[in-house]
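Q: Below you'll find target.pdb; it's PDB, C-alpha atoms.
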```
ATOM      1  CA  MET C   1     -77.514  29.363  81.506
ATOM      2  CA  MET C   2     -78.314  25.948  82.878
ATOM      3  CA  HIS C   3     -75.419  23.848  84.176
ATOM      4  CA  PRO C   4     -75.829  20.163  84.973
ATOM      5  CA  ILE C   5     -75.960  19.590  88.706
ATOM      6  CA  SER C   6     -72.831  18.288  90.371
ATOM      7  CA  PHE C   7     -72.665  15.511  92.933
ATOM      8  CA  VAL C   8     -70.808  15.395  96.227
ATOM      9  CA  PRO C   9     -71.000  11.837  97.567
ATOM     10  CA  ASP C  10     -72.488  11.503 101.041
ATOM     11  CA  PRO C  11     -70.613   8.674 102.796
ATOM     12  CA  LYS C  12     -73.676   7.823 104.899
ATOM     13  CA  LEU C  13     -76.010   7.438 101.942
ATOM     14  CA  ASP C  14     -73.937   6.749  98.855
ATOM     15  CA  LEU C  15     -71.730   4.036  97.419
ATOM     16  CA  VAL C  16     -68.924   4.782  94.980
ATOM     17  CA  LEU C  17     -66.868   2.665  92.612
ATOM     18  CA  GLU C  18     -64.106   4.621  90.914
ATOM     19  CA  ARG C  19     -61.361   3.247  88.711
ATOM     20  CA  VAL C  20     -59.240   3.989  85.657
ATOM     21  CA  VAL C  21     -60.097   1.431  82.981
ATOM     22  CA  GLU C  22     -57.910   0.608  79.978
ATOM     23  CA  VAL C  23     -60.492   1.297  77.304
ATOM     24  CA  PRO C  24     -61.682   4.538  75.701
ATOM     25  CA  ARG C  25     -64.837   6.023  77.117
ATOM     26  CA  GLN C  26     -66.768   5.649  73.853
ATOM     27  CA  LEU C  27     -66.630   1.881  74.344
ATOM     28  CA  VAL C  28     -67.667   2.125  77.985
ATOM     29  CA  TRP C  29     -70.594   4.242  76.851
ATOM     30  CA  ALA C  30     -71.528   1.691  74.187
ATOM     31  CA  ALA C  31     -71.423  -1.125  76.745
ATOM     32  CA  TRP C  32     -73.769   0.799  79.049
ATOM     33  CA  THR C  33     -76.246   1.882  76.388
ATOM     34  CA  GLN C  34     -76.630  -0.962  73.856
ATOM     35  CA  PRO C  35     -78.812  -3.806  75.162
ATOM     36  CA  GLU C  36     -76.938  -6.569  73.339
ATOM     37  CA  LEU C  37     -73.661  -5.370  74.860
ATOM     38  CA  LEU C  38     -75.037  -4.655  78.334
ATOM     39  CA  LYS C  39     -76.408  -8.196  78.616
ATOM     40  CA  LYS C  40     -72.853  -9.529  78.263
ATOM     41  CA  TRP C  41     -71.361  -7.779  81.309
ATOM     42  CA  PHE C  42     -74.008  -6.256  83.600
ATOM     43  CA  THR C  43     -74.252  -9.091  86.164
ATOM     44  CA  PRO C  44     -71.252 -10.893  87.663
ATOM     45  CA  ALA C  45     -71.052 -14.529  86.498
ATOM     46  CA  PRO C  46     -72.603 -17.003  87.127
ATOM     47  CA  TRP C  47     -75.527 -14.572  87.138
ATOM     48  CA  GLN C  48     -76.719 -13.501  83.715
ATOM     49  CA  THR C  49     -78.646 -10.577  82.346
ATOM     50  CA  VAL C  50     -81.196 -12.325  80.160
ATOM     51  CA  GLU C  51     -83.283  -9.337  79.105
ATOM     52  CA  CYS C  52     -82.474  -5.676  78.622
ATOM     53  CA  GLU C  53     -84.640  -2.872  77.297
ATOM     54  CA  ILE C  54     -83.233   0.604  76.747
ATOM     55  CA  ASP C  55     -84.893   3.793  75.515
ATOM     56  CA  LEU C  56     -81.921   6.083  75.773
ATOM     57  CA  ARG C  57     -83.364   9.488  76.666
ATOM     58  CA  PRO C  58     -84.604  11.185  79.808
ATOM     59  CA  GLY C  59     -87.765   9.429  80.957
ATOM     60  CA  GLY C  60     -87.023   6.424  78.736
ATOM     61  CA  ILE C  61     -87.151   2.881  80.053
ATOM     62  CA  PHE C  62     -84.172   1.001  81.475
ATOM     63  CA  ARG C  63     -85.277  -2.520  82.281
ATOM     64  CA  THR C  64     -83.246  -5.645  82.978
ATOM     65  CA  VAL C  65     -83.957  -9.196  84.034
ATOM     66  CA  MET C  66     -81.203 -11.009  85.905
ATOM     67  CA  ARG C  67     -81.093 -14.786  86.217
ATOM     68  CA  GLY C  68     -79.200 -16.657  88.898
ATOM     69  CA  PRO C  69     -77.528 -20.043  88.834
ATOM     70  CA  GLN C  70     -80.677 -21.671  90.272
ATOM     71  CA  GLN C  71     -82.739 -20.045  87.490
ATOM     72  CA  GLN C  72     -84.200 -17.511  89.915
ATOM     73  CA  GLU C  73     -85.050 -14.260  88.124
ATOM     74  CA  PHE C  74     -85.111 -10.641  89.243
ATOM     75  CA  ALA C  75     -86.624  -7.923  87.089
ATOM     76  CA  ASN C  76     -85.723  -4.267  87.545
ATOM     77  CA  SER C  77     -87.402  -1.385  85.794
ATOM     78  CA  GLY C  78     -86.656   2.298  85.968
ATOM     79  CA  CYS C  79     -85.924   5.239  83.750
ATOM     80  CA  TYR C  80     -83.089   7.411  82.571
ATOM     81  CA  LEU C  81     -82.742  10.911  83.965
ATOM     82  CA  GLU C  82     -79.716  12.311  82.096
ATOM     83  CA  VAL C  83     -78.077  11.067  78.916
ATOM     84  CA  ILE C  84     -74.932  13.018  77.992
ATOM     85  CA  GLU C  85     -73.167  10.908  75.390
ATOM     86  CA  ASN C  86     -69.785   9.534  76.464
ATOM     87  CA  GLU C  87     -69.889  11.635  79.656
ATOM     88  CA  ARG C  88     -72.726  11.025  82.043
ATOM     89  CA  LEU C  89     -75.563   8.553  82.317
ATOM     90  CA  ILE C  90     -78.058   8.783  85.154
ATOM     91  CA  TRP C  91     -80.868   6.350  85.781
ATOM     92  CA  THR C  92     -83.129   5.605  88.715
ATOM     93  CA  GLY C  93     -85.278   2.799  90.024
ATOM     94  CA  ALA C  94     -87.345   5.333  91.971
ATOM     95  CA  LEU C  95     -89.370   6.321  88.916
ATOM     96  CA  GLN C  96     -91.006   4.082  86.370
ATOM     97  CA  PRO C  97     -90.590   4.774  82.645
ATOM     98  CA  GLY C  98     -92.097   8.115  81.645
ATOM     99  CA  TYR C  99     -91.190   9.525  85.098
ATOM    100  CA  ARG C 100     -94.220   7.857  86.665
ATOM    101  CA  PRO C 101     -93.950   7.467  90.461
ATOM    102  CA  PRO C 102     -93.802   3.861  91.626
ATOM    103  CA  ALA C 103     -96.955   2.021  92.625
ATOM    104  CA  ARG C 104     -96.967   1.583  96.394
ATOM    105  CA  LYS C 105     -97.408  -2.156  96.395
ATOM    106  CA  ALA C 106     -94.513  -2.571  93.963
ATOM    107  CA  VAL C 107     -92.045  -1.604  96.705
ATOM    108  CA  PRO C 108     -91.650  -4.470  99.222
ATOM    109  CA  GLU C 109     -90.102  -3.740 102.583
ATOM    110  CA  ASP C 110     -86.784  -5.446 101.877
ATOM    111  CA  PHE C 111     -86.287  -3.592  98.627
ATOM    112  CA  PHE C 112     -84.177  -0.481  98.294
ATOM    113  CA  LEU C 113     -84.348   2.271  95.749
ATOM    114  CA  MET C 114     -81.317   3.741  94.075
ATOM    115  CA  THR C 115     -80.215   6.270  91.515
ATOM    116  CA  ALA C 116     -76.975   5.575  89.626
ATOM    117  CA  VAL C 117     -74.714   8.288  88.220
ATOM    118  CA  ILE C 118     -72.151   6.901  85.763
ATOM    119  CA  SER C 119     -69.452   9.463  84.891
ATOM    120  CA  LEU C 120     -66.774   8.987  82.247
ATOM    121  CA  GLU C 121     -63.702  11.151  81.716
ATOM    122  CA  ALA C 122     -61.206  10.579  78.933
ATOM    123  CA  ARG C 123     -57.612  10.027  80.115
ATOM    124  CA  GLY C 124     -55.804   9.513  76.833
ATOM    125  CA  LYS C 125     -56.933   6.116  75.607
ATOM    126  CA  THR C 126     -58.141   5.147  79.067
ATOM    127  CA  THR C 127     -61.160   6.259  81.049
ATOM    128  CA  GLN C 128     -61.690   7.550  84.536
ATOM    129  CA  TYR C 129     -64.797   5.593  85.425
ATOM    130  CA  LYS C 130     -67.009   6.560  88.337
ATOM    131  CA  ALA C 131     -70.230   4.927  89.470
ATOM    132  CA  LEU C 132     -71.988   6.870  92.222
ATOM    133  CA  VAL C 133     -75.037   5.161  93.685
ATOM    134  CA  LEU C 134     -77.474   7.292  95.690
ATOM    135  CA  HIS C 135     -79.813   5.858  98.328
ATOM    136  CA  GLY C 136     -82.607   7.446 100.295
ATOM    137  CA  ASP C 137     -81.522   6.399 103.774
ATOM    138  CA  GLU C 138     -78.708   4.664 105.630
ATOM    139  CA  PRO C 139     -80.431   1.241 105.888
ATOM    140  CA  SER C 140     -80.784   1.172 102.104
ATOM    141  CA  ARG C 141     -77.120   1.992 101.602
ATOM    142  CA  THR C 142     -76.081  -0.607 104.199
ATOM    143  CA  LYS C 143     -78.283  -3.268 102.613
ATOM    144  CA  HIS C 144     -76.773  -2.599  99.198
ATOM    145  CA  GLU C 145     -73.236  -2.644 100.574
ATOM    146  CA  LYS C 146     -73.816  -5.932 102.414
ATOM    147  CA  MET C 147     -75.298  -7.480  99.284
ATOM    148  CA  GLY C 148     -71.819  -7.009  97.892
ATOM    149  CA  PHE C 149     -71.873  -3.701  96.069
ATOM    150  CA  HIS C 150     -68.112  -3.265  95.727
ATOM    151  CA  ASP C 151     -67.426  -6.838  94.737
ATOM    152  CA  GLY C 152     -70.448  -7.081  92.435
ATOM    153  CA  TRP C 153     -70.097  -3.757  90.642
ATOM    154  CA  GLY C 154     -66.327  -4.304  90.475
ATOM    155  CA  LYS C 155     -66.650  -7.733  88.839
ATOM    156  CA  ALA C 156     -69.256  -6.406  86.424
ATOM    157  CA  LEU C 157     -66.865  -3.606  85.487
ATOM    158  CA  ASP C 158     -64.114  -6.190  84.878
ATOM    159  CA  GLN C 159     -66.521  -7.939  82.515
ATOM    160  CA  LEU C 160     -67.354  -4.640  80.804
ATOM    161  CA  VAL C 161     -63.670  -3.899  80.226
ATOM    162  CA  ALA C 162     -62.997  -7.403  78.901
ATOM    163  CA  LEU C 163     -65.926  -7.015  76.512
ATOM    164  CA  ALA C 164     -64.895  -3.506  75.422
ATOM    165  CA  LYS C 165     -61.436  -4.799  74.492
ATOM    166  CA  THR C 166     -63.079  -7.102  71.928
ATOM    167  CA  LEU C 167     -65.089  -4.298  70.253
TER     168      LEU C 167
ATOM    169  CA  MET G 168     -80.891  11.916  67.792
ATOM    170  CA  MET G 169     -82.652  12.111  71.128
ATOM    171  CA  HIS G 170     -86.273  13.274  71.140
ATOM    172  CA  PRO G 171     -88.025  14.197  74.369
ATOM    173  CA  ILE G 172     -90.472  11.521  75.420
ATOM    174  CA  SER G 173     -94.130  12.154  74.756
ATOM    175  CA  PHE G 174     -96.971  11.542  77.180
ATOM    176  CA  VAL G 175    -100.278   9.813  76.587
ATOM    177  CA  PRO G 176    -102.469  10.360  79.674
ATOM    178  CA  ASP G 177    -103.740   7.198  81.326
ATOM    179  CA  PRO G 178    -107.261   7.957  82.630
ATOM    180  CA  LYS G 179    -106.850   5.455  85.466
ATOM    181  CA  LEU G 180    -103.626   6.956  86.770
ATOM    182  CA  ASP G 181    -103.394  10.549  85.603
ATOM    183  CA  LEU G 182    -105.137  13.856  86.143
ATOM    184  CA  VAL G 183    -105.210  16.568  83.502
ATOM    185  CA  LEU G 184    -106.011  20.263  83.547
ATOM    186  CA  GLU G 185    -106.012  21.811  80.087
ATOM    187  CA  ARG G 186    -107.066  25.305  79.158
ATOM    188  CA  VAL G 187    -106.301  28.206  76.851
ATOM    189  CA  VAL G 188    -105.163  31.144  78.981
ATOM    190  CA  GLU G 189    -105.133  34.760  77.856
ATOM    191  CA  VAL G 190    -101.469  35.458  78.517
ATOM    192  CA  PRO G 191     -98.335  34.667  76.505
ATOM    193  CA  ARG G 192     -96.469  31.561  77.491
ATOM    194  CA  GLN G 193     -93.321  33.453  78.501
ATOM    195  CA  LEU G 194     -95.291  34.926  81.410
ATOM    196  CA  VAL G 195     -96.732  31.549  82.379
ATOM    197  CA  TRP G 196     -93.182  30.200  82.362
ATOM    198  CA  ALA G 197     -91.992  33.076  84.536
ATOM    199  CA  ALA G 198     -94.811  32.477  87.029
ATOM    200  CA  TRP G 199     -93.844  28.800  87.303
ATOM    201  CA  THR G 200     -90.103  29.320  87.604
ATOM    202  CA  GLN G 201     -89.484  32.460  89.684
ATOM    203  CA  PRO G 202     -90.016  31.886  93.411
ATOM    204  CA  GLU G 203     -91.309  35.388  94.151
ATOM    205  CA  LEU G 204     -93.929  34.999  91.431
ATOM    206  CA  LEU G 205     -94.833  31.403  92.211
ATOM    207  CA  LYS G 206     -95.564  32.280  95.840
ATOM    208  CA  LYS G 207     -98.289  34.662  94.641
ATOM    209  CA  TRP G 208    -100.426  32.106  92.808
ATOM    210  CA  PHE G 209     -99.421  28.503  93.577
ATOM    211  CA  THR G 210    -101.999  27.725  96.278
ATOM    212  CA  PRO G 211    -105.686  28.653  96.058
ATOM    213  CA  ALA G 212    -106.635  31.350  98.579
ATOM    214  CA  PRO G 213    -107.015  31.392 101.547
ATOM    215  CA  TRP G 214    -104.043  29.014 101.462
ATOM    216  CA  GLN G 215    -100.702  30.679 100.876
ATOM    217  CA  THR G 216     -97.339  29.565  99.595
ATOM    218  CA  VAL G 217     -95.040  31.044 102.211
ATOM    219  CA  GLU G 218     -91.738  29.582 101.015
ATOM    220  CA  CYS G 219     -90.452  28.573  97.604
ATOM    221  CA  GLU G 220     -87.026  27.374  96.571
ATOM    222  CA  ILE G 221     -86.176  26.740  92.924
ATOM    223  CA  ASP G 222     -82.974  25.492  91.299
ATOM    224  CA  LEU G 223     -84.179  25.452  87.722
ATOM    225  CA  ARG G 224     -82.341  22.558  86.114
ATOM    226  CA  PRO G 225     -82.721  18.779  85.988
ATOM    227  CA  GLY G 226     -82.040  17.410  89.459
ATOM    228  CA  GLY G 227     -82.436  20.874  91.013
ATOM    229  CA  ILE G 228     -84.633  21.454  94.029
ATOM    230  CA  PHE G 229     -88.283  22.490  93.861
ATOM    231  CA  ARG G 230     -89.501  23.079  97.398
ATOM    232  CA  THR G 231     -92.601  24.834  98.673
ATOM    233  CA  VAL G 232     -94.246  25.400 102.019
ATOM    234  CA  MET G 233     -97.999  25.942 102.003
ATOM    235  CA  ARG G 234     -99.842  27.533 104.915
ATOM    236  CA  GLY G 235    -103.548  27.090 105.581
ATOM    237  CA  PRO G 236    -106.065  29.447 107.174
ATOM    238  CA  GLN G 237    -105.490  27.782 110.588
ATOM    239  CA  GLN G 238    -101.736  28.309 110.177
ATOM    240  CA  GLN G 239    -101.156  24.623 109.446
ATOM    241  CA  GLU G 240     -98.137  24.148 107.189
ATOM    242  CA  PHE G 241     -97.266  21.540 104.596
ATOM    243  CA  ALA G 242     -93.801  21.300 103.093
ATOM    244  CA  ASN G 243     -93.161  19.600  99.775
ATOM    245  CA  SER G 244     -89.758  18.914  98.316
ATOM    246  CA  GLY G 245     -88.828  17.350  95.023
ATOM    247  CA  CYS G 246     -86.734  18.002  91.974
ATOM    248  CA  TYR G 247     -87.004  19.061  88.382
ATOM    249  CA  LEU G 248     -86.627  16.465  85.653
ATOM    250  CA  GLU G 249     -86.925  18.539  82.457
ATOM    251  CA  VAL G 250     -86.588  22.267  81.958
ATOM    252  CA  ILE G 251     -87.309  23.367  78.366
ATOM    253  CA  GLU G 252     -87.782  27.107  78.549
ATOM    254  CA  ASN G 253     -91.279  28.347  77.714
ATOM    255  CA  GLU G 254     -92.299  24.852  76.598
ATOM    256  CA  ARG G 255     -92.135  22.089  79.133
ATOM    257  CA  LEU G 256     -91.422  21.863  82.840
ATOM    258  CA  ILE G 257     -91.395  18.500  84.595
ATOM    259  CA  TRP G 258     -90.911  17.983  88.318
ATOM    260  CA  THR G 259     -91.512  15.126  90.683
ATOM    261  CA  GLY G 260     -92.048  14.527  94.369
ATOM    262  CA  ALA G 261     -90.789  10.955  93.953
ATOM    263  CA  LEU G 262     -87.134  12.029  93.994
ATOM    264  CA  GLN G 263     -85.401  14.356  96.369
ATOM    265  CA  PRO G 264     -83.124  17.099  95.050
ATOM    266  CA  GLY G 265     -80.107  15.689  93.228
ATOM    267  CA  TYR G 266     -82.246  12.713  92.070
ATOM    268  CA  ARG G 267     -81.868  11.022  95.452
ATOM    269  CA  PRO G 268     -84.533   8.362  96.128
ATOM    270  CA  PRO G 269     -86.848   9.228  99.018
ATOM    271  CA  ALA G 270     -86.134   7.997 102.514
ATOM    272  CA  ARG G 271     -88.598   5.268 103.388
ATOM    273  CA  LYS G 272     -89.869   6.843 106.565
ATOM    274  CA  ALA G 273     -90.487  10.135 104.775
ATOM    275  CA  VAL G 274     -93.411   8.587 102.909
ATOM    276  CA  PRO G 275     -96.399   8.165 105.253
ATOM    277  CA  GLU G 276     -99.208   5.841 104.225
ATOM    278  CA  ASP G 277    -101.708   8.584 103.424
ATOM    279  CA  PHE G 278     -99.289  10.443 101.174
ATOM    280  CA  PHE G 279     -99.221  10.104  97.420
ATOM    281  CA  LEU G 280     -96.394  10.728  95.029
ATOM    282  CA  MET G 281     -96.780  12.608  91.801
ATOM    283  CA  THR G 282     -94.897  13.857  88.775
ATOM    284  CA  ALA G 283     -96.200  17.001  87.057
ATOM    285  CA  VAL G 284     -95.717  17.753  83.364
ATOM    286  CA  ILE G 285     -96.511  21.382  82.511
ATOM    287  CA  SER G 286     -96.724  21.968  78.753
ATOM    288  CA  LEU G 287     -97.089  25.373  77.103
ATOM    289  CA  GLU G 288     -97.909  26.031  73.457
ATOM    290  CA  ALA G 289     -98.128  29.508  71.972
ATOM    291  CA  ARG G 290    -101.474  30.338  70.350
ATOM    292  CA  GLY G 291    -100.895  33.890  69.164
ATOM    293  CA  LYS G 292    -100.814  35.964  72.334
ATOM    294  CA  THR G 293    -102.526  33.241  74.315
ATOM    295  CA  THR G 294    -101.241  29.917  75.599
ATOM    296  CA  GLN G 295    -102.494  26.370  75.409
ATOM    297  CA  TYR G 296    -101.761  25.314  78.983
ATOM    298  CA  LYS G 297    -101.676  21.683  79.997
ATOM    299  CA  ALA G 298    -100.885  20.236  83.394
ATOM    300  CA  LEU G 299    -100.598  16.451  83.358
ATOM    301  CA  VAL G 300    -100.162  14.848  86.777
ATOM    302  CA  LEU G 301     -98.864  11.274  86.893
ATOM    303  CA  HIS G 302     -99.520   8.921  89.817
ATOM    304  CA  GLY G 303     -98.184   5.465  90.576
ATOM    305  CA  ASP G 304    -101.485   3.707  91.209
ATOM    306  CA  GLU G 305    -105.237   4.267  91.103
ATOM    307  CA  PRO G 306    -105.671   4.964  94.844
ATOM    308  CA  SER G 307    -103.138   7.798  94.582
ATOM    309  CA  ARG G 308    -104.939   9.324  91.621
ATOM    310  CA  THR G 309    -108.319   8.961  93.372
ATOM    311  CA  LYS G 310    -106.977  10.524  96.564
ATOM    312  CA  HIS G 311    -105.608  13.497  94.650
ATOM    313  CA  GLU G 312    -108.850  13.917  92.703
ATOM    314  CA  LYS G 313    -110.952  13.800  95.884
ATOM    315  CA  MET G 314    -108.685  16.344  97.543
ATOM    316  CA  GLY G 315    -109.984  18.653  94.842
ATOM    317  CA  PHE G 316    -107.429  18.478  92.056
ATOM    318  CA  HIS G 317    -109.559  20.100  89.361
ATOM    319  CA  ASP G 318    -110.910  22.845  91.559
ATOM    320  CA  GLY G 319    -107.562  23.488  93.274
ATOM    321  CA  TRP G 320    -105.304  23.469  90.229
ATOM    322  CA  GLY G 321    -107.969  25.426  88.320
ATOM    323  CA  LYS G 322    -108.192  28.173  90.957
ATOM    324  CA  ALA G 323    -104.413  28.335  91.172
ATOM    325  CA  LEU G 324    -104.253  28.745  87.400
ATOM    326  CA  ASP G 325    -106.816  31.585  87.615
ATOM    327  CA  GLN G 326    -104.480  33.237  90.131
ATOM    328  CA  LEU G 327    -101.491  32.658  87.841
ATOM    329  CA  VAL G 328    -103.304  34.305  84.921
ATOM    330  CA  ALA G 329    -104.416  37.272  87.040
ATOM    331  CA  LEU G 330    -100.813  37.716  88.191
ATOM    332  CA  ALA G 331     -99.372  37.339  84.682
ATOM    333  CA  LYS G 332    -101.665  40.127  83.444
ATOM    334  CA  THR G 333     -99.965  42.513  85.872
ATOM    335  CA  LEU G 334     -96.433  41.649  84.673
TER     336      LEU G 334
END
```
Mind turning this structure into structure tokens?
A:
Amino acid sequence: MMHPISFVPDPKLDLVLERVVEVPRQLVWAAWTQPELLKKWFTPAPWQTVECEIDLRPGGIFRTVMRGPQQQEFANSGCYLEVIENERLIWTGALQPGYRPPARKAVPEDFFLMTAVISLEARGKTTQYKALVLHGDEPSRTKHEKMGFHDGWGKALDQLVALAKTL
Amino acid sequence: MMHPISFVPDPKLDLVLERVVEVPRQLVWAAWTQPELLKKWFTPAPWQTVECEIDLRPGGIFRTVMRGPQQQEFANSGCYLEVIENERLIWTGALQPGYRPPARKAVPEDFFLMTAVISLEARGKTTQYKALVLHGDEPSRTKHEKMGFHDGWGKALDQLVALAKTL
């Protein structure tokens, strides 16, 4: 029968954040999949996530709007690819909602596309958390890393854990 | 629980081929999902499909090489998004295998991206066959239509049906 595909990170193209977090994976899953929760942790302060739309199924929309300290806003829209409750969440910015390919003009030169694979494994009451981010080429990976991937995704995860402890 | 997304064709962005075919849907499914069968019908003669690689699961590779009458070859590589046996097959050229975003330089200006949604409904011993092809913008849809979408996909479907009758 059909097995989900597995992922072997490519160090030239991928970025990985992996950590054991002190909250059960059900709460991590909730934080990733409920808009009102996601808005509270998804962007490292002082940035905020001011809008979040989630249709939690393959092809469904995942859209966020981030706002910076100078009120600058960045909107991102993509869709989910795999939704395996409490285990694996995959979404991409390379397809619009409903799996529609992106419009050409919507992809400026300095933009990079990514697909994120969030994997959760229960370790007692803690969770082995892994975020694998796939890029299409080395410049895209480098751009994302220099923008502060490890620091940014790490701080956001800190915020997620702090939030999950209050749930 | 999670329902598969539904599709409402957008006449500005999508192309549709819909037809009742005189073979059961299990054989249509087989023709779409087994490389040795797909190679026999996928490109309208005198074009041939000379290579086909299929990993039939979400994120799995769908790769073909088409060869024209002057021996010119065109390779296409993408991945599956949904695999619901005998019912619905979705694949896209907008993601590489493993859901990886495309490399920028791999997308020349005159190329268009598409996602194909193949839907099969049993009608007794016949099948309601629907191919919905999603594009990211109107120029992409227009380009695909002018390349002969209806004629090409229609002839290929004729070949699929003729093949399925021999199975």
Q: I would like the residues chosen by the PyMOL selection byres ((chain C and resi 84-87) around 7) on the shown file; could you give them as number ranges by chain?
A: C: 25-26, 29, 82-83, 88-89, 119-121
Q: Please write as a list in words the full residue list that the PyMOL selection byres ((chain C) within 8 of (chain G)) yields on this file.
A: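 With the PyMOL selection byres ((chain C) within 8 of (chain G)) on this model, the match is Met2, His3, Pro4, Ile5, Phe7, Leu56, Arg57, Pro58, Gly59, Gly60, Leu81, Thr92, Ala94, Leu95, Gly98, Tyr99, Arg100, Pro101, Pro102, Ala103, Arg104, Leu113, Met114, Thr115, Leu134, His135, Gly136 and Asp137 of chain C.
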Q: Name the residues that the PyMOL selection byres ((chain G and resi 208) around 12) picks from the file above, as a ChimeraX atom specification, using the file's chain letters and numbers.
A: /G:195,197-207,209-217,219,233,319-331
Q: May I have the residues from that selection written out with C-alpha atoms, as a PDB file, in the coordinates of the input?
A:
```pdb
ATOM      1  CA  VAL G 195     -96.732  31.549  82.379  1.00  0.00           C
ATOM      2  CA  ALA G 197     -91.992  33.076  84.536  1.00  0.00           C
ATOM      3  CA  ALA G 198     -94.811  32.477  87.029  1.00  0.00           C
ATOM      4  CA  TRP G 199     -93.844  28.800  87.303  1.00  0.00           C
ATOM      5  CA  THR G 200     -90.103  29.320  87.604  1.00  0.00           C
ATOM      6  CA  GLN G 201     -89.484  32.460  89.684  1.00  0.00           C
ATOM      7  CA  PRO G 202     -90.016  31.886  93.411  1.00  0.00           C
ATOM      8  CA  GLU G 203     -91.309  35.388  94.151  1.00  0.00           C
ATOM      9  CA  LEU G 204     -93.929  34.999  91.431  1.00  0.00           C
ATOM     10  CA  LEU G 205     -94.833  31.403  92.211  1.00  0.00           C
ATOM     11  CA  LYS G 206     -95.564  32.280  95.840  1.00  0.00           C
ATOM     12  CA  LYS G 207     -98.289  34.662  94.641  1.00  0.00           C
ATOM     13  CA  PHE G 209     -99.421  28.503  93.577  1.00  0.00           C
ATOM     14  CA  THR G 210    -101.999  27.725  96.278  1.00  0.00           C
ATOM     15  CA  PRO G 211    -105.686  28.653  96.058  1.00  0.00           C
ATOM     16  CA  ALA G 212    -106.635  31.350  98.579  1.00  0.00           C
ATOM     17  CA  PRO G 213    -107.015  31.392 101.547  1.00  0.00           C
ATOM     18  CA  TRP G 214    -104.043  29.014 101.462  1.00  0.00           C
ATOM     19  CA  GLN G 215    -100.702  30.679 100.876  1.00  0.00           C
ATOM     20  CA  THR G 216     -97.339  29.565  99.595  1.00  0.00           C
ATOM     21  CA  VAL G 217     -95.040  31.044 102.211  1.00  0.00           C
ATOM     22  CA  CYS G 219     -90.452  28.573  97.604  1.00  0.00           C
ATOM     23  CA  MET G 233     -97.999  25.942 102.003  1.00  0.00           C
ATOM     24  CA  GLY G 319    -107.562  23.488  93.274  1.00  0.00           C
ATOM     25  CA  TRP G 320    -105.304  23.469  90.229  1.00  0.00           C
ATOM     26  CA  GLY G 321    -107.969  25.426  88.320  1.00  0.00           C
ATOM     27  CA  LYS G 322    -108.192  28.173  90.957  1.00  0.00           C
ATOM     28  CA  ALA G 323    -104.413  28.335  91.172  1.00  0.00           C
ATOM     29  CA  LEU G 324    -104.253  28.745  87.400  1.00  0.00           C
ATOM     30  CA  ASP G 325    -106.816  31.585  87.615  1.00  0.00           C
ATOM     31  CA  GLN G 326    -104.480  33.237  90.131  1.00  0.00           C
ATOM     32  CA  LEU G 327    -101.491  32.658  87.841  1.00  0.00           C
ATOM     33  CA  VAL G 328    -103.304  34.305  84.921  1.00  0.00           C
ATOM     34  CA  ALA G 329    -104.416  37.272  87.040  1.00  0.00           C
ATOM     35  CA  LEU G 330    -100.813  37.716  88.191  1.00  0.00           C
ATOM     36  CA  ALA G 331     -99.372  37.339  84.682  1.00  0.00           C
TER      37      ALA G 331
END
```
Q: In Å, rounded to a single decimal, give me how far CA of Phe278 in chain G is from CA of Glu312 in chain G.
A: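 Pair CA of Glu312 in chain G / CA of Phe278 in chain G returns 13.2 Å.
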Q: Would you kindly return, as a ChimeraX atom specification, each protein, DNA or RNA residue with an atom no farther than 6 Å from any atom of Lys297 in chain G, considering all atoms listed in the file and excluding same-chain residues fewer than 6 positions away?
A: /G:184-185,285-286
Q: With C-alpha atoms retained, could you export that selection as a PDB file, keeping the file's coordinate frame?
A:
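Written output follows (part_34.pdb):
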```pdb
ATOM      1  CA  LEU G 184    -106.011  20.263  83.547  1.00  0.00           C
ATOM      2  CA  GLU G 185    -106.012  21.811  80.087  1.00  0.00           C
ATOM      3  CA  ILE G 285     -96.511  21.382  82.511  1.00  0.00           C
ATOM      4  CA  SER G 286     -96.724  21.968  78.753  1.00  0.00           C
TER       5      SER G 286
END
```
Q: Could you tell me how far CA of Leu182 in chain G lies from CA of Gly315 in chain G, in Å and to one decimal?
A: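 These two atoms are separated by 11.1 Å.
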Q: In Å, how far is it from CA of His144 in chain C to CA of Ile228 in chain G?
A: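 Straight-line distance from CA of His144 in chain C to CA of Ile228 in chain G works out to 25.8 Å.
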Q: To box range 142-160 of chain C, take all atoms listed in the file, fit an axis-aligned box, add 5 Å on each side, and give centre and edge lengths in Å to one decimal, as lines of an AutoDock Vina configuration file.
A:
```
center_x = -71.2
center_y = -4.3
center_z = 92.5
size_x = 24.2
size_y = 17.3
size_z = 33.4
```
